[in-house]
file upload-v5.cif (mmCIF, C-alpha atoms and all ligand atoms)
data_final
#
loop_
_atom_site.label_atom_id
_atom_site.label_comp_id
_atom_site.auth_asym_id
_atom_site.auth_seq_id
_atom_site.Cartn_x
_atom_site.Cartn_y
_atom_site.Cartn_z
CA MET A 194 0.00 0.00 0.00
CA ARG A 195 1.50 3.33 -1.04
CA ILE A 196 1.08 6.25 1.38
CA LEU A 197 1.91 9.66 -0.04
CA THR A 198 2.64 12.88 1.85
CA GLY A 199 3.20 16.26 0.21
CA ILE A 200 5.13 18.87 2.16
CA GLN A 201 4.83 22.58 1.40
CA PRO A 202 8.26 24.22 1.68
CA SER A 203 6.90 27.03 3.79
CA GLY A 204 9.81 28.24 5.87
CA ILE A 205 10.76 27.84 9.49
CA LEU A 206 9.07 24.91 11.18
CA HIS A 207 7.28 25.29 14.50
CA VAL A 208 6.18 22.96 17.25
CA GLY A 209 2.65 22.81 15.74
CA ASN A 210 4.05 21.56 12.44
CA TYR A 211 6.08 18.98 14.31
CA PHE A 212 3.24 17.46 16.34
CA GLY A 213 0.61 18.01 13.63
CA ALA A 214 2.44 16.67 10.59
CA ILE A 215 6.06 15.55 11.07
CA HIS A 216 5.75 13.34 14.14
CA PRO A 217 2.69 11.41 12.81
CA PHE A 218 4.52 10.86 9.53
CA VAL A 219 7.73 9.65 11.21
CA GLU A 220 5.75 7.30 13.45
CA SER A 221 3.88 5.77 10.51
CA GLN A 222 6.95 4.98 8.39
CA GLY A 223 6.69 1.27 9.18
CA ASP A 224 3.25 1.03 7.50
CA GLY A 225 2.98 0.37 3.79
CA GLN A 226 5.33 2.09 1.37
CA PRO A 227 5.69 5.77 2.26
CA PHE A 228 6.47 8.43 -0.33
CA ALA A 229 7.11 11.98 0.87
CA PHE A 230 8.00 14.88 -1.37
CA ILE A 231 8.71 18.58 -1.04
CA ALA A 232 6.16 20.43 -3.17
CA ASP A 233 8.37 23.01 -4.84
CA TYR A 234 6.25 23.27 -8.01
CA HIS A 235 3.29 24.16 -5.81
CA ALA A 236 5.39 26.77 -4.01
CA LEU A 237 5.88 28.59 -7.33
CA THR A 238 2.27 29.80 -7.16
CA GLN A 239 3.46 32.21 -4.45
CA LEU A 240 6.19 33.58 -6.74
CA PRO A 241 9.11 32.96 -4.39
CA GLU A 242 12.49 34.51 -4.96
CA PRO A 243 14.68 31.80 -6.67
CA ASP A 244 17.46 31.57 -4.07
CA GLY A 245 14.87 31.73 -1.33
CA LEU A 246 13.00 28.79 -2.84
CA ARG A 247 16.19 26.72 -3.14
CA GLU A 248 17.11 27.47 0.47
CA MET A 249 13.62 26.68 1.69
CA VAL A 250 13.58 23.30 -0.05
CA THR A 251 16.98 22.37 1.40
CA GLY A 252 15.87 23.62 4.82
CA VAL A 253 12.71 21.48 4.77
CA ALA A 254 14.69 18.43 3.64
CA VAL A 255 17.21 18.91 6.46
CA ASP A 256 14.51 19.49 9.08
CA TRP A 257 12.38 16.48 8.11
CA LEU A 258 15.42 14.21 7.97
CA ALA A 259 16.57 15.55 11.35
CA CYS A 260 13.13 14.78 12.78
CA GLY A 261 13.34 11.14 11.73
CA VAL A 262 12.38 10.68 8.07
CA ASP A 263 14.26 7.50 7.26
CA PRO A 264 15.32 7.25 3.61
CA GLN A 265 15.60 3.46 4.00
CA LYS A 266 11.87 3.31 4.64
CA THR A 267 10.59 6.40 2.85
CA VAL A 268 11.04 7.50 -0.74
CA PHE A 269 11.89 11.12 0.05
CA PHE A 270 12.25 13.48 -2.90
CA ARG A 271 11.75 16.90 -4.43
CA GLN A 272 8.59 17.21 -6.52
CA SER A 273 10.35 18.98 -9.41
CA ASP A 274 12.91 16.16 -9.73
CA VAL A 275 10.10 14.14 -11.32
CA PRO A 276 8.81 16.52 -14.03
CA GLU A 277 6.47 13.81 -15.35
CA VAL A 278 4.05 15.16 -12.77
CA VAL A 279 3.55 18.28 -14.90
CA GLU A 280 2.89 16.17 -17.99
CA LEU A 281 0.24 14.21 -16.11
CA MET A 282 -1.22 17.45 -14.78
CA TRP A 283 -1.68 18.73 -18.32
CA ILE A 284 -3.35 15.51 -19.40
CA LEU A 285 -5.70 15.67 -16.42
CA CYS A 286 -6.40 19.38 -17.01
CA SER A 287 -8.28 18.53 -20.16
CA GLN A 288 -10.69 16.40 -18.15
CA VAL A 289 -11.36 18.84 -15.32
CA PRO A 290 -14.38 21.15 -15.64
CA VAL A 291 -13.48 24.73 -14.71
CA GLY A 292 -16.50 24.79 -12.38
CA LEU A 293 -14.95 22.10 -10.20
CA LEU A 294 -11.90 24.27 -9.56
CA GLU A 295 -14.00 27.42 -9.11
CA ARG A 296 -15.72 25.72 -6.18
CA CYS A 297 -12.46 25.09 -4.32
CA THR A 298 -12.63 26.77 -0.93
CA SER A 299 -8.86 27.18 -0.52
CA TYR A 300 -8.76 29.07 -3.83
CA LYS A 301 -11.82 31.15 -2.96
CA ASP A 302 -10.34 31.96 0.48
CA LYS A 303 -7.12 33.20 -1.06
CA VAL A 304 -8.99 35.38 -3.55
CA ALA A 305 -11.16 36.71 -0.70
CA GLN A 306 -7.95 37.63 1.19
CA GLY A 307 -7.09 39.89 -1.73
CA ILE A 308 -4.42 37.66 -3.28
CA THR A 309 -4.32 38.22 -7.05
CA ALA A 310 -4.81 34.71 -8.37
CA ASN A 311 -2.50 33.40 -11.04
CA PHE A 312 -3.43 30.41 -13.16
CA GLY A 313 -1.06 28.23 -11.11
CA LEU A 314 -3.03 28.95 -7.96
CA PHE A 315 -6.29 28.19 -9.77
CA SER A 316 -4.99 24.88 -11.13
CA TYR A 317 -3.19 23.93 -7.89
CA PRO A 318 -5.63 21.07 -7.15
CA VAL A 319 -4.95 19.46 -10.54
CA LEU A 320 -1.20 19.43 -9.85
CA MET A 321 -1.96 17.94 -6.45
CA ALA A 322 -4.13 15.27 -8.12
CA ALA A 323 -1.25 14.52 -10.50
CA ASP A 324 1.12 14.12 -7.51
CA ILE A 325 -1.16 11.56 -5.99
CA LEU A 326 -2.18 9.69 -9.16
CA LEU A 327 1.31 9.57 -10.72
CA TYR A 328 2.53 7.32 -7.89
CA LYS A 329 -0.71 5.28 -7.74
CA SER A 330 -1.03 6.29 -4.09
CA ASN A 331 -3.58 4.39 -2.05
CA LEU A 332 -3.63 6.57 1.03
CA VAL A 333 -2.97 10.28 1.51
CA PRO A 334 -2.73 11.62 5.08
CA VAL A 335 -3.70 15.32 5.11
CA GLY A 336 -5.03 18.02 7.39
CA ARG A 337 -8.75 18.79 7.18
CA ASP A 338 -8.04 21.86 5.02
CA GLN A 339 -6.90 19.52 2.21
CA LYS A 340 -9.96 17.24 2.27
CA GLN A 341 -11.62 18.95 -0.69
CA HIS A 342 -8.46 18.56 -2.76
CA LEU A 343 -8.57 14.82 -2.11
CA GLU A 344 -12.22 14.69 -3.19
CA ILE A 345 -11.29 16.45 -6.42
CA THR A 346 -8.44 13.97 -6.95
CA ARG A 347 -10.83 11.04 -6.56
CA ASP A 348 -13.29 12.68 -8.94
CA ILE A 349 -10.52 13.19 -11.53
CA ALA A 350 -9.28 9.59 -11.21
CA ILE A 351 -12.78 8.15 -11.58
CA ARG A 352 -13.52 10.29 -14.66
CA PHE A 353 -10.21 9.25 -16.23
CA ASN A 354 -10.81 5.55 -15.56
CA ASN A 355 -14.37 5.74 -16.92
CA GLN A 356 -13.03 7.21 -20.11
CA TYR A 357 -9.85 5.16 -20.63
CA GLY A 358 -10.02 2.04 -18.46
CA GLU A 359 -8.88 1.18 -14.96
CA ILE A 360 -5.44 2.79 -15.02
CA LEU A 361 -5.38 5.20 -12.09
CA VAL A 362 -5.76 4.23 -8.44
CA VAL A 363 -8.60 6.09 -6.69
CA PRO A 364 -6.94 7.23 -3.43
CA GLU A 365 -8.37 7.43 0.07
CA ALA A 366 -7.79 10.47 2.28
CA ARG A 367 -6.71 9.90 5.86
CA ILE A 368 -7.73 13.07 7.65
CA ARG A 369 -5.38 13.75 10.55
CA ASP A 370 -8.18 14.42 13.04
CA GLY A 371 -6.64 12.38 15.84
CA VAL A 372 -3.82 14.90 16.11
CA ALA A 373 -4.59 17.62 18.63
CA VAL A 374 -4.24 21.23 17.58
CA VAL A 375 -1.12 22.65 19.22
CA PRO A 376 -1.75 26.03 20.87
CA GLY A 377 0.59 28.94 20.31
CA ILE A 378 2.01 31.15 23.05
CA ASP A 379 -1.19 33.25 22.92
CA GLY A 380 -3.51 30.24 23.27
CA GLN A 381 -4.81 30.36 19.67
CA LYS A 382 -3.83 27.61 17.20
CA MET A 383 -0.08 27.83 16.68
CA SER A 384 0.46 29.24 13.19
CA LYS A 385 3.04 31.35 11.45
CA SER A 386 0.19 33.64 10.37
CA TYR A 387 -0.51 34.55 14.03
CA ASP A 388 3.07 35.24 15.14
CA ASN A 389 2.55 32.92 18.10
CA THR A 390 4.90 30.08 17.18
CA ILE A 391 7.65 28.31 19.05
CA ASN A 392 10.22 27.40 16.44
CA LEU A 393 11.48 23.86 16.35
CA PHE A 394 15.12 24.71 15.91
CA GLY A 395 15.44 28.22 17.34
CA ALA A 396 18.46 29.36 19.35
CA GLU A 397 18.36 28.53 23.06
CA LYS A 398 18.09 32.09 24.35
CA ALA A 399 15.41 33.10 21.86
CA LEU A 400 13.35 29.98 22.56
CA ARG A 401 13.52 30.50 26.29
CA LYS A 402 12.38 34.10 25.87
CA ARG A 403 9.56 33.01 23.56
CA ILE A 404 8.28 30.35 25.96
CA MET A 405 8.57 32.73 28.93
CA SER A 406 6.20 35.08 27.07
CA THR A 407 3.37 32.49 26.93
CA VAL A 408 0.11 34.21 27.86
CA THR A 409 -1.55 33.09 31.14
CA ASP A 410 -4.22 34.44 33.48
CA SER A 411 -3.07 36.62 36.36
CA THR A 412 -3.43 34.20 39.29
CA PRO A 413 -0.86 35.35 41.89
CA MET A 414 1.83 32.93 43.04
CA GLU A 415 0.22 32.36 46.46
CA GLU A 416 -3.03 31.09 44.92
CA PRO A 417 -3.49 27.72 43.21
CA MET A 418 -3.50 27.85 39.40
CA ASP A 419 -5.81 25.67 37.29
CA PRO A 420 -3.75 23.25 35.17
CA ALA A 421 -6.78 22.21 33.11
CA SER A 422 -7.27 25.64 31.54
CA CYS A 423 -3.61 26.59 31.36
CA ASN A 424 -1.87 27.22 28.10
CA VAL A 425 1.54 26.53 29.63
CA MET A 426 0.35 23.10 30.79
CA ALA A 427 -1.04 22.36 27.31
CA LEU A 428 2.46 22.93 25.94
CA TYR A 429 4.10 20.89 28.70
CA LYS A 430 1.87 17.92 27.85
CA LEU A 431 3.41 17.74 24.38
CA PHE A 432 6.83 16.92 25.78
CA ALA A 433 6.26 15.19 29.10
CA ASP A 434 4.96 11.74 30.03
CA ASP A 435 1.86 11.14 32.20
CA ALA A 436 3.79 10.95 35.48
CA GLU A 437 5.59 14.22 34.75
CA VAL A 438 2.30 15.91 33.83
CA ALA A 439 0.71 14.66 37.08
CA ALA A 440 3.71 15.92 39.09
CA LEU A 441 3.59 19.37 37.51
CA SER A 442 -0.22 19.57 37.94
CA GLU A 443 0.26 18.95 41.66
CA ARG A 444 2.76 21.76 41.91
CA TYR A 445 0.15 24.12 40.37
CA ALA A 446 -1.58 24.04 43.78
CA ALA A 447 1.55 25.00 45.77
CA ASN A 448 1.81 28.60 47.01
CA ASP A 449 5.47 28.91 46.08
CA PHE A 450 4.90 27.92 42.46
CA GLY A 451 3.91 30.37 39.73
CA TYR A 452 3.56 30.50 35.96
CA GLY A 453 7.19 31.53 35.62
CA HIS A 454 8.25 28.18 37.10
CA ALA A 455 5.87 26.28 34.82
CA LYS A 456 7.18 28.08 31.74
CA GLN A 457 10.73 27.30 32.79
CA ALA A 458 9.72 23.61 32.99
CA VAL A 459 8.25 23.78 29.46
CA PHE A 460 11.43 25.31 28.12
CA GLU A 461 13.65 22.67 29.74
CA LYS A 462 11.48 19.75 28.63
CA SER A 463 11.18 20.98 25.05
CA TRP A 464 14.89 21.73 24.84
CA GLU A 465 15.64 18.14 25.93
CA TYR A 466 12.93 16.68 23.69
CA PHE A 467 14.42 18.18 20.55
CA ARG A 468 18.07 17.68 21.55
CA PRO A 469 18.73 14.56 19.40
CA MET A 470 16.99 16.18 16.43
CA ARG A 471 19.02 19.36 16.88
CA GLN A 472 22.22 17.33 16.87
CA ARG A 473 21.18 15.42 13.78
CA ARG A 474 20.24 18.68 12.10
CA ASP A 475 23.66 20.21 12.79
CA GLU A 476 25.28 17.13 11.26
CA LEU A 477 23.09 17.37 8.18
CA LEU A 478 23.75 21.09 7.78
CA ALA A 479 27.44 20.33 7.81
CA ASN A 480 26.94 17.71 5.10
CA LEU A 481 24.46 19.06 2.57
CA ASP A 482 25.93 16.76 -0.09
CA HIS A 483 24.44 13.88 1.84
CA VAL A 484 21.05 15.62 1.90
CA ASN A 485 21.22 16.13 -1.86
CA ASP A 486 22.19 12.47 -2.34
CA VAL A 487 19.16 11.37 -0.32
CA LEU A 488 16.84 13.55 -2.42
CA HIS A 489 18.48 12.40 -5.62
CA ASP A 490 18.15 8.74 -4.69
CA GLY A 491 14.51 9.29 -3.68
CA ALA A 492 13.81 11.00 -7.01
CA GLU A 493 15.23 8.03 -8.92
CA ARG A 494 12.99 5.61 -7.09
CA ALA A 495 9.96 7.89 -7.53
CA ARG A 496 10.75 8.39 -11.20
CA ALA A 497 10.75 4.65 -11.86
CA VAL A 498 7.16 4.47 -10.60
CA ALA A 499 6.21 7.65 -12.49
CA ALA A 500 7.62 6.27 -15.76
CA GLU A 501 5.43 3.18 -15.55
CA THR A 502 2.29 5.16 -14.87
CA MET A 503 3.04 7.59 -17.69
CA ASP A 504 3.62 4.76 -20.18
CA GLU A 505 0.16 3.43 -19.37
CA VAL A 506 -1.46 6.85 -19.41
CA ARG A 507 0.12 7.94 -22.71
CA ALA A 508 -0.84 4.70 -24.40
CA ALA A 509 -4.41 4.89 -23.11
CA ILE A 510 -5.09 8.43 -24.27
CA GLY A 511 -3.49 8.01 -27.69
CA LEU A 512 -0.21 9.85 -27.28
CA ARG A 513 1.73 6.69 -28.12
P1 LIG A 601 0.91 27.41 9.52
O1 LIG A 601 -0.46 27.42 10.14
O2 LIG A 601 1.96 27.81 10.49
O3 LIG A 601 0.96 28.18 8.22
P2 LIG A 601 1.01 25.13 7.79
O4 LIG A 601 -0.36 25.42 7.27
O5 LIG A 601 2.19 25.37 6.90
O6 LIG A 601 1.21 25.90 9.17
O7 LIG A 601 1.01 23.62 8.32
C1 LIG A 601 1.85 22.58 7.86
C2 LIG A 601 1.39 21.32 8.54
O8 LIG A 601 1.48 21.43 9.97
C3 LIG A 601 -0.05 20.95 8.24
O9 LIG A 601 -0.13 19.56 8.06
C4 LIG A 601 -0.81 21.36 9.47
O10 LIG A 601 -1.93 20.52 9.69
C5 LIG A 601 0.22 21.18 10.59
N1 LIG A 601 0.01 22.19 11.65
C6 LIG A 601 0.26 23.52 11.55
N2 LIG A 601 -0.05 24.16 12.71
C7 LIG A 601 -0.51 23.22 13.56
C8 LIG A 601 -0.99 23.24 14.92
N3 LIG A 601 -1.03 24.37 15.61
N4 LIG A 601 -1.39 22.08 15.47
C9 LIG A 601 -1.34 20.92 14.76
N5 LIG A 601 -0.90 20.83 13.49
C10 LIG A 601 -0.49 21.95 12.88
N1 LIG A 602 -1.48 21.02 -0.74
C1 LIG A 602 -0.76 20.35 0.33
C2 LIG A 602 -0.67 21.30 1.54
O1 LIG A 602 -0.86 22.49 1.40
C3 LIG A 602 0.62 19.94 -0.11
C4 LIG A 602 0.56 18.92 -1.21
C5 LIG A 602 0.89 19.12 -2.52
C6 LIG A 602 0.11 17.59 -1.07
N2 LIG A 602 0.68 17.97 -3.21
C7 LIG A 602 0.21 17.00 -2.37
C8 LIG A 602 -0.35 16.84 0.00
C9 LIG A 602 -0.15 15.66 -2.59
C10 LIG A 602 -0.71 15.50 -0.23
C11 LIG A 602 -0.62 14.95 -1.51
O2 LIG A 602 -0.38 20.85 2.63
#
call {"tool": "encode", "arguments": {"input": "upload-v5.cif", "output": "C-alpha cells"}}
result
Amino acid sequence: MRILTGIQPSGILHVGNYFGAIHPFVESQGDGQPFAFIADYHALTQLPEPDGLREMVTGVAVDWLACGVDPQKTVFFRQSDVPEVVELMWILCSQVPVGLLERCTSYKDKVAQGITANFGLFSYPVLMAADILLYKSNLVPVGRDQKQHLEITRDIAIRFNNQYGEILVVPEARIRDGVAVVPGIDGQKMSKSYDNTINLFGAEKALRKRIMSTVTDSTPMEEPMDPASCNVMALYKLFADDAEVAALSERYAANDFGYGHAKQAVFEKSWEYFRPMRQRRDELLANLDHVNDVLHDGAERARAVAAETMDEVRAAIGLR
C-alpha cells in the first residue's frame, strides 16, 4: 500500500508543524510504502524569490530528515525532480471542468484575502491530483483543510478511468483528526500567520524568551492555578509523560509555584525533547551533499514508478 505525503516548503518549522504533521509521519513509516515529497512546483504559485525557494527546499529536507524521516523506509524526494508530474497534470487538465476548480474553498479563500490569483493557484488542485495519481497512491494523510483537494483527486481519477479504463488508483484520504491542535504562546492555534509560534530549531536564548512570554491568566503565586485551563500546561503535555504531567499539575496548587516556574519547565522539557533532532540537524547542515544524495536517490525511485504510470497513461489516451 502506497502512502503519499506532500510537504509545502513554507519556511521555518514550528512545534505545531512537528506534532501536527512531522511526528505522525515519522511514526507511521513502518506502515505500507511511504512516499514523501517537497512540493516546490506548488510553491511557485506564491512567486518565491529563486534563491529563497532553493534554500527553503533544502531547509525542509534537512529538518524532516533531522526529525526522523528514514530514507531506507521512505522514498523522500523533491517534486520537481520528477517533471512527469507536470505532464500528467496537463493531461488531467483537459478532463477537469473549470466549475470544479472554481468551487475550491482554498482558492476562494485566497482570492477573498485579496491575493491576485495566477493560473497556477487556480490549477493547484490538478497538480496535487497529478502528484497523488502519478505514484498510484492508495492513502494520503492530510489536514482537514486539504480534504476537498482529495475529493477532487478522486473525482478526476474516476472520470479518467471511466473514459480510458482502470489505469489510475482512486486514493483514500486519511484526515489527521486524531492529532490535537497545538496552541501557540497566545492560546490560539499555533500558526506562522498569528506570530505565536515556538520554532522547532530556534536558538536557546530566543526559545527560552519566547516560551517565557506564553500568555496566562493573572493568578498570583500564592493562589493555586488551574492546570486544566492553562496554556503553559497544554504545551508541557506535548513533551512530558503522564507521570511528569501529574507531578507538575500537583505543583500548580503550591503557594510557592507560579507560571514563571511552569514556563521554565516547558522550556527545559522541550529543549531536551528536541536535543537529538538538533544534533542530527547540525550534522546534516554540515553535510548538505548527503542531503542532496538522499533527495536524488529518492527521485530516482519515484521516477521509476512515475515512468510506468506515464507509459500506461500515454498509451491509453493516444499519445503513443
Ligand atoms: P501554519 O499554520 O503555520 O501556516 P502550515 O499550514 O504550513 O502551518 O502547516 C503545515 C502542517 O502542519 C499541516 O499539516 C498542518 O496541519 C500542521 N500544523 C500547523 N499548525 C498546527 C498546529 N497548531 N497544530 C497541529 N498541526 C499543525
Ligand atoms: N497542498 C498540500 C498542503 O498544502 C501539499 C501537497 C501538494 C500535497 N501535493 C500534495 C499533500 C499531494 C498531499 C498529496 O499541505
call {"tool": "closest_residue", "arguments": {"input": "upload-v5.cif", "among": "A:Ile325, A:Leu281, A:Leu428, A:Leu294", "to": "ligand LIG 602 (chain A)", "atoms": "only C-alpha atoms and all ligand atoms"}}
result
A:Ile325
call {"tool": "residues_around", "arguments": {"input": "upload-v5.cif", "residues": "A:Leu197", "least_positions_apart": "2", "cutoff": "9 Å", "atoms": "all atoms listed in the file", "output": "short mmCIF file (atom, residue, chain, number, x, y, z; two decimals) with C-alpha atoms, keeping the file's coordinate frame"}}
result
data_model
loop_
_atom_site.label_atom_id
_atom_site.label_comp_id
_atom_site.auth_asym_id
_atom_site.auth_seq_id
_atom_site.Cartn_x
_atom_site.Cartn_y
_atom_site.Cartn_z
CA ARG A 195 1.50 3.33 -1.04
CA GLY A 199 3.20 16.26 0.21
CA GLN A 226 5.33 2.09 1.37
CA PRO A 227 5.69 5.77 2.26
CA PHE A 228 6.47 8.43 -0.33
CA ALA A 229 7.11 11.98 0.87
CA PHE A 230 8.00 14.88 -1.37
CA ASP A 324 1.12 14.12 -7.51
CA ILE A 325 -1.16 11.56 -5.99
CA TYR A 328 2.53 7.32 -7.89
CA SER A 330 -1.03 6.29 -4.09
CA ASN A 331 -3.58 4.39 -2.05
CA LEU A 332 -3.63 6.57 1.03
CA VAL A 333 -2.97 10.28 1.51
CA PRO A 334 -2.73 11.62 5.08
#
call {"tool": "atom_distance", "arguments": {"input": "upload-v5.cif", "atom1": "atom CA of A:Tyr300", "atom2": "atom CA of A:Val363"}}
result
23.2 Å
call {"tool": "residues_near_ligand", "arguments": {"input": "upload-v5.cif", "ligand": "ligand LIG 601 (chain A)", "cutoff": "9 Å", "atoms": "all atoms listed in the file", "output": "NGL selection string"}}
result
:A and (200-215 or 334-339 or 369 or 372-377 or 381-388 or 390)
call {"tool": "closest_residue", "arguments": {"input": "upload-v5.cif", "among": "A:Pro264, A:Pro364, A:Pro469, A:Gly252", "to": "ligand LIG 602 (chain A)", "atoms": "all atoms listed in the file"}}
result
A:Pro364
call {"tool": "closest_residue", "arguments": {"input": "upload-v5.cif", "among": "A:Tyr317, A:Pro243, A:Cys297, A:Leu237", "to": "ligand LIG 602 (chain A)", "atoms": "all atoms listed in the file"}}
result
A:Tyr317
call {"tool": "axis_aligned_box", "arguments": {"input": "upload-v5.cif", "around": "ligand LIG 602 (chain A)", "padding_each_side": "5 Å", "output": "JSON"}}
result
{"center_x": -0.3, "center_y": 18.7, "center_z": -0.3, "size_x": 12.4, "size_y": 17.5, "size_z": 15.8}
call {"tool": "residues_around", "arguments": {"input": "upload-v5.cif", "residues": "A:Lys462", "least_positions_apart": "6", "cutoff": "9 Å", "atoms": "only C-alpha atoms", "output": "MDAnalysis selection string"}}
result
chainID A and resid 429 432:433
call {"tool": "closest_residue", "arguments": {"input": "upload-v5.cif", "among": "A:Val289, A:Met414, A:Val304, A:Leu488", "to": "A:Phe353", "atoms": "only C-alpha atoms"}}
result
A:Val289
call {"tool": "residues_around", "arguments": {"input": "upload-v5.cif", "residues": "A:Ala427", "least_positions_apart": "3", "cutoff": "10 Å", "atoms": "all atoms listed in the file", "output": "PyMOL selection string"}}
result
chain A and resi 375-377+380+420-424+430-432+438+459
call {"tool": "closest_residue", "arguments": {"input": "upload-v5.cif", "among": "A:Lys402, A:Lys329, A:His342, A:His489", "to": "A:Leu293", "atoms": "all atoms listed in the file"}}
result
A:His342
call {"tool": "closest_residue", "arguments": {"input": "upload-v5.cif", "among": "A:Leu246, A:Met321, A:Val275, A:Ala259", "to": "ligand LIG 602 (chain A)", "atoms": "all atoms listed in the file"}}
result
A:Met321
call {"tool": "atom_distance", "arguments": {"input": "upload-v5.cif", "atom1": "atom CA of A:Ala440", "atom2": "atom CA of A:Glu397"}}
result
25.1 Å
call {"tool": "residues_around", "arguments": {"input": "upload-v5.cif", "residues": "stretch 309-312 of chain A", "least_positions_apart": "2", "cutoff": "12 Å", "atoms": "only C-alpha atoms", "output": "ChimeraX atom specification"}}
result
/A:235,237-240,291,294-295,299-307,314-320
call {"tool": "write_last_selection", "arguments": {"input": "upload-v5.cif", "atoms": "C-alpha atoms", "output": "JSON list (two decimals), in the frame of the given file"}}
result
[["chain", "number", "residue", "atom", "x", "y", "z"],
["A", 235, "HIS", "CA", 3.29, 24.16, -5.81],
["A", 237, "LEU", "CA", 5.88, 28.59, -7.33],
["A", 238, "THR", "CA", 2.27, 29.80, -7.16],
["A", 239, "GLN", "CA", 3.46, 32.21, -4.45],
["A", 240, "LEU", "CA", 6.19, 33.58, -6.74],
["A", 291, "VAL", "CA", -13.48, 24.73, -14.71],
["A", 294, "LEU", "CA", -11.90, 24.27, -9.56],
["A", 295, "GLU", "CA", -14.00, 27.42, -9.11],
["A", 299, "SER", "CA", -8.86, 27.18, -0.52],
["A", 300, "TYR", "CA", -8.76, 29.07, -3.83],
["A", 301, "LYS", "CA", -11.82, 31.15, -2.96],
["A", 302, "ASP", "CA", -10.34, 31.96, 0.48],
["A", 303, "LYS", "CA", -7.12, 33.20, -1.06],
["A", 304, "VAL", "CA", -8.99, 35.38, -3.55],
["A", 305, "ALA", "CA", -11.16, 36.71, -0.70],
["A", 306, "GLN", "CA", -7.95, 37.63, 1.19],
["A", 307, "GLY", "CA", -7.09, 39.89, -1.73],
["A", 314, "LEU", "CA", -3.03, 28.95, -7.96],
["A", 315, "PHE", "CA", -6.29, 28.19, -9.77],
["A", 316, "SER", "CA", -4.99, 24.88, -11.13],
["A", 317, "TYR", "CA", -3.19, 23.93, -7.89],
["A", 318, "PRO", "CA", -5.63, 21.07, -7.15],
["A", 319, "VAL", "CA", -4.95, 19.46, -10.54],
["A", 320, "LEU", "CA", -1.20, 19.43, -9.85]]
call {"tool": "residues_around", "arguments": {"input": "upload-v5.cif", "residues": "stretch 472-486 of chain A", "least_positions_apart": "6", "cutoff": "12 Å", "atoms": "only C-alpha atoms", "output": "number ranges by chain"}}
result
A: 247-248, 250-264, 269-271, 274, 393-395, 464-466, 492-493
call {"tool": "atom_distance", "arguments": {"input": "upload-v5.cif", "atom1": "atom CA of A:Asn389", "atom2": "atom CA of A:Thr409"}}
result
13.7 Å
call {"tool": "build_atoms", "arguments": {"input": "upload-v5.cif", "residues": "stretch 488-492 of chain A", "atoms": "all heavy atoms", "output": "PDB file, keeping the file's coordinate frame"}}
result
ATOM      1  N   LEU A 488      17.928  13.078  -1.552  1.00  0.00           N
ATOM      2  CA  LEU A 488      16.840  13.550  -2.420  1.00  0.00           C
ATOM      3  C   LEU A 488      16.976  12.994  -3.837  1.00  0.00           C
ATOM      4  O   LEU A 488      15.984  12.627  -4.478  1.00  0.00           O
ATOM      5  CB  LEU A 488      16.815  15.083  -2.471  1.00  0.00           C
ATOM      6  CG  LEU A 488      16.410  15.795  -1.175  1.00  0.00           C
ATOM      7  CD1 LEU A 488      16.497  17.299  -1.351  1.00  0.00           C
ATOM      8  CD2 LEU A 488      14.994  15.399  -0.727  1.00  0.00           C
ATOM      9  N   HIS A 489      18.207  12.900  -4.283  1.00  0.00           N
ATOM     10  CA  HIS A 489      18.480  12.400  -5.620  1.00  0.00           C
ATOM     11  C   HIS A 489      18.078  10.922  -5.728  1.00  0.00           C
ATOM     12  O   HIS A 489      17.395  10.506  -6.670  1.00  0.00           O
ATOM     13  CB  HIS A 489      19.971  12.576  -5.920  1.00  0.00           C
ATOM     14  CG  HIS A 489      20.342  12.186  -7.302  1.00  0.00           C
ATOM     15  ND1 HIS A 489      20.052  12.974  -8.393  1.00  0.00           N
ATOM     16  CD2 HIS A 489      20.952  11.068  -7.775  1.00  0.00           C
ATOM     17  CE1 HIS A 489      20.473  12.355  -9.481  1.00  0.00           C
ATOM     18  NE2 HIS A 489      21.024  11.197  -9.133  1.00  0.00           N
ATOM     19  N   ASP A 490      18.478  10.166  -4.718  1.00  0.00           N
ATOM     20  CA  ASP A 490      18.150   8.740  -4.690  1.00  0.00           C
ATOM     21  C   ASP A 490      16.623   8.552  -4.617  1.00  0.00           C
ATOM     22  O   ASP A 490      16.044   7.710  -5.318  1.00  0.00           O
ATOM     23  CB  ASP A 490      18.843   8.119  -3.471  1.00  0.00           C
ATOM     24  CG  ASP A 490      18.497   6.655  -3.321  1.00  0.00           C
ATOM     25  OD1 ASP A 490      18.811   5.896  -4.247  1.00  0.00           O
ATOM     26  OD2 ASP A 490      17.901   6.279  -2.283  1.00  0.00           O
ATOM     27  N   GLY A 491      15.974   9.360  -3.788  1.00  0.00           N
ATOM     28  CA  GLY A 491      14.510   9.290  -3.680  1.00  0.00           C
ATOM     29  C   GLY A 491      13.862   9.587  -5.020  1.00  0.00           C
ATOM     30  O   GLY A 491      12.919   8.898  -5.443  1.00  0.00           O
ATOM     31  N   ALA A 492      14.393  10.603  -5.719  1.00  0.00           N
ATOM     32  CA  ALA A 492      13.810  11.000  -7.010  1.00  0.00           C
ATOM     33  C   ALA A 492      13.940   9.855  -8.023  1.00  0.00           C
ATOM     34  O   ALA A 492      13.017   9.609  -8.803  1.00  0.00           O
ATOM     35  CB  ALA A 492      14.499  12.253  -7.524  1.00  0.00           C
TER      36      ALA A 492
END
